[in-house]
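Heads up, the thing below is written out as structure tokens.
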Amino acid sequence: MTTPLSEAVVLQACRTLFGTEINVCRGFLSYLQPDGARSAFRKVAKETHPDFFARDTLYVQKYQTELFQKILSAYEILNAFFKQRDEGAWGLRSGTFDTGIHRRRTYWRHAEKTGGRRQEKNGSGTFSRGPLPFRCLELGHYLYYQGMISYEALISALVWQRRQRPVVGDIALRWGWLNAPAIDRILGAMNLRGRFGDRAVALGLLSTFQVNTLLYYQRSQQERLGQYFVKNRILSPEKLERVVRELHEHNAAVRCDLSRREQMRSARS
């Protein structure tokens, strides 16, 4: 059996394939299946394959080529992970996975004892059961924890939302903050860590304020997550509106409790 992949490598491959907005963790990996990874790869490949950008500028073609190569590499890593998981590879102390049946059962028993949440599979996906976590939540996670959607549906919704975002480099070019040679330089700076904006700041081509502005505008161009569930007939518009109100009430209660605790701590000091 080959040397097991490190946990960091596999988690990063999941983020590349499913998006950084998704909370990828050991629980996610415990039920991730080859069909799910293959489906995610096909969806992302349709959006990023260089052949679809043959008529775009050279920097766009270069960017898409590098992006597709990362996605392909991530998919290959996950395929290797599935193979090693089937072979029973594990070793938490060395930073690799313990994916045997015994370890999965131990993980869930520990989650239940510590107030964590257990996931159960049925014909339509992996659903959560148990009390709603008393912390501020985003809409997608609120729906998941309420048992209204599966974790797979949450992932699909987040990926759908992320794909609507325009490329940061395209926005900067359109606004005149960067030119094509500058974008090529950023894309080519493979020795620098971080994403496009981080590299641009490190090279002195954009300020932190400009990057934050670009990211804010990028996010503003995507549809709200709730529209995914309405378009796919998972929720009706009326039910979505009601859920949003309940979510606001939940988060308000959490903030109120946090404020009360902070006042009590201040009074004691």
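Chain labels follow the order of the structure tokens: the first chain is A, the next B, and so on; residue numbering restarts at 1 in every chain, and ligands are counted from 1 in their shown order.
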Long-range neighbours of A:Gln64 as a ChimeraX atom specification, 8 Å cut-off, only C-alpha atoms, 5 positions minimum in chain: /A:48-50,53
Can I get the selected residues back with N, CA and C atoms, as a tab-separated table (two decimals), in the first residue's frame?
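Output below, filename part.tsv:
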```
chain	number	residue	atom	x	y	z
A	48	THR	N	-14.68	25.87	-16.28
A	48	THR	CA	-13.29	26.35	-16.27
A	48	THR	C	-12.41	25.80	-17.39
A	49	HIS	N	-12.89	24.84	-18.16
A	49	HIS	CA	-12.01	24.23	-19.16
A	49	HIS	C	-11.50	25.30	-20.15
A	50	PRO	N	-10.21	25.31	-20.41
A	50	PRO	CA	-9.61	26.32	-21.30
A	50	PRO	C	-10.24	26.41	-22.69
A	53	PHE	N	-12.62	29.17	-23.44
A	53	PHE	CA	-12.13	30.56	-23.39
A	53	PHE	C	-11.16	30.85	-24.54
```
Using only C-alpha atoms, find each residue of stretch 181-204 of chain A with at least one atom at most 12 Å away from an atom of stretch 210-216 of chain A; report its shortest atom-to-atom pair and that distance in Å (one decimal), sort the rows by chain and rising residue number, and return the result as CSV.
```
residue,atom,partner,partner_atom,distance
A:Arg195,CA,A:Val211,CA,10.7
A:Phe196,CA,A:Val211,CA,9.1
A:Gly197,CA,A:Val211,CA,5.6
A:Asp198,CA,A:Val211,CA,8.1
A:Arg199,CA,A:Val211,CA,10.3
A:Ala200,CA,A:Val211,CA,8.2
A:Val201,CA,A:Val211,CA,7.8
A:Ala202,CA,A:Val211,CA,11.4
A:Gly204,CA,A:Gln210,CA,11.4
```
Writing out the chosen residues with N, CA and C atoms as a PDB file, in the first residue's frame:
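Contents of selection.pdb, as written:
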```pdb
ATOM      1  N   ARG A 195      -4.084  33.918  -2.759  1.00  0.00           N
ATOM      2  CA  ARG A 195      -4.884  34.010  -3.971  1.00  0.00           C
ATOM      3  C   ARG A 195      -4.438  35.197  -4.806  1.00  0.00           C
ATOM      4  N   PHE A 196      -5.208  35.462  -5.841  1.00  0.00           N
ATOM      5  CA  PHE A 196      -4.859  36.506  -6.794  1.00  0.00           C
ATOM      6  C   PHE A 196      -4.641  37.845  -6.089  1.00  0.00           C
ATOM      7  N   GLY A 197      -5.566  38.236  -5.219  1.00  0.00           N
ATOM      8  CA  GLY A 197      -5.455  39.515  -4.525  1.00  0.00           C
ATOM      9  C   GLY A 197      -4.238  39.584  -3.618  1.00  0.00           C
ATOM     10  N   ASP A 198      -3.951  38.486  -2.919  1.00  0.00           N
ATOM     11  CA  ASP A 198      -2.780  38.452  -2.034  1.00  0.00           C
ATOM     12  C   ASP A 198      -1.494  38.639  -2.833  1.00  0.00           C
ATOM     13  N   ARG A 199      -1.428  37.992  -3.977  1.00  0.00           N
ATOM     14  CA  ARG A 199      -0.236  38.127  -4.820  1.00  0.00           C
ATOM     15  C   ARG A 199      -0.100  39.551  -5.352  1.00  0.00           C
ATOM     16  N   ALA A 200      -1.242  40.133  -5.738  1.00  0.00           N
ATOM     17  CA  ALA A 200      -1.211  41.495  -6.273  1.00  0.00           C
ATOM     18  C   ALA A 200      -0.694  42.485  -5.232  1.00  0.00           C
ATOM     19  N   VAL A 201      -1.110  42.316  -3.988  1.00  0.00           N
ATOM     20  CA  VAL A 201      -0.641  43.189  -2.907  1.00  0.00           C
ATOM     21  C   VAL A 201       0.845  42.968  -2.656  1.00  0.00           C
ATOM     22  N   ALA A 202       1.259  41.698  -2.628  1.00  0.00           N
ATOM     23  CA  ALA A 202       2.664  41.376  -2.385  1.00  0.00           C
ATOM     24  C   ALA A 202       3.575  41.955  -3.469  1.00  0.00           C
ATOM     25  N   GLY A 204       2.927  44.695  -5.047  1.00  0.00           N
ATOM     26  CA  GLY A 204       2.755  46.144  -5.068  1.00  0.00           C
ATOM     27  C   GLY A 204       1.911  46.647  -6.228  1.00  0.00           C
TER      28      GLY A 204
END
```
Residues near A:Gln161, cut-off 12 Å, only C-alpha atoms, skip fewer than 4 positions along chain, as an MDAnalysis selection string: chainID A and resid 18:22 140 154:157 165:166 218:229
Selection near A:Gly188, 10 Å with only C-alpha atoms, sequence-local residues under 3 positions removed, as a ChimeraX atom specification: /A:62-63,66,182-185,191-192,199
Close residues, A:Glu241 itself excluded, 12 Å, only C-alpha atoms, min 4 positions apart in chain, as a PyMOL selection string: chain A and resi 139+226-227+229-230+235-237+245-248
Serialized selection, N, CA and C atoms, as a compact mmCIF listing (two decimals), in the first residue's frame:
```
# COMPACT_ATOMS: atom_id res chain seq x y z
N LEU A 139 -27.49 31.44 6.10
CA LEU A 139 -28.73 30.80 5.68
C LEU A 139 -28.55 29.32 5.36
N GLY A 226 -30.37 31.84 -1.09
CA GLY A 226 -31.74 31.33 -1.01
C GLY A 226 -32.37 31.10 -2.37
N GLN A 227 -31.93 31.85 -3.38
CA GLN A 227 -32.51 31.69 -4.72
C GLN A 227 -32.21 30.32 -5.32
N PHE A 229 -32.29 27.48 -3.72
CA PHE A 229 -33.28 26.55 -3.21
C PHE A 229 -34.66 26.81 -3.81
N VAL A 230 -34.94 28.07 -4.13
CA VAL A 230 -36.21 28.39 -4.78
C VAL A 230 -36.19 27.89 -6.22
N LEU A 235 -37.33 24.93 -1.75
CA LEU A 235 -38.14 25.78 -0.89
C LEU A 235 -39.03 26.66 -1.76
N SER A 236 -40.21 26.97 -1.27
CA SER A 236 -41.05 27.93 -1.95
C SER A 236 -40.62 29.33 -1.54
N PRO A 237 -40.94 30.35 -2.33
CA PRO A 237 -40.57 31.72 -1.93
C PRO A 237 -41.14 32.10 -0.57
N ARG A 245 -36.74 35.03 8.25
CA ARG A 245 -37.17 35.71 9.47
C ARG A 245 -36.75 34.93 10.71
N GLU A 246 -36.94 33.61 10.66
CA GLU A 246 -36.53 32.78 11.79
C GLU A 246 -35.03 32.84 12.02
N LEU A 247 -34.26 32.87 10.93
CA LEU A 247 -32.81 32.96 11.04
C LEU A 247 -32.40 34.27 11.70
N HIS A 248 -33.03 35.37 11.30
CA HIS A 248 -32.72 36.67 11.90
C HIS A 248 -33.03 36.67 13.39
```
Coordinates-based distance that separates atom CA of A:Glu249 from atom CA of A:Ala267 (Å, one decimal):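 Atom CA of A:Glu249 lies at a distance of 26.9 Å from atom CA of A:Ala267.
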Gap from atom CA of A:Val167 to atom CA of A:Cys25 - Å, one decimal: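 According to the coordinates, atom CA of A:Val167 and atom CA of A:Cys25 are separated by 26.6 Å.
Here the question is which of A:Val24, A:Asp35, A:Phe82, A:Gly169 gets nearest to A:Ala8 using only C-alpha atoms, and that residue is A:Val24.
Pairwise distance (atom CA of A:Gln12, atom CA of A:Gln84) equals 16.9 Å.
For the residues A:Thr65, A:Ser269, A:Gln33, A:Ser6, ranking by smallest atom-to-atom distance to A:Ala45 using only C-alpha atoms places A:Thr65 first.
Minimum atom-to-atom distance to A:Trp177, evaluated using only C-alpha atoms, belongs to A:Leu206 out of A:Leu206, A:Met190, A:Leu158, A:Leu72.
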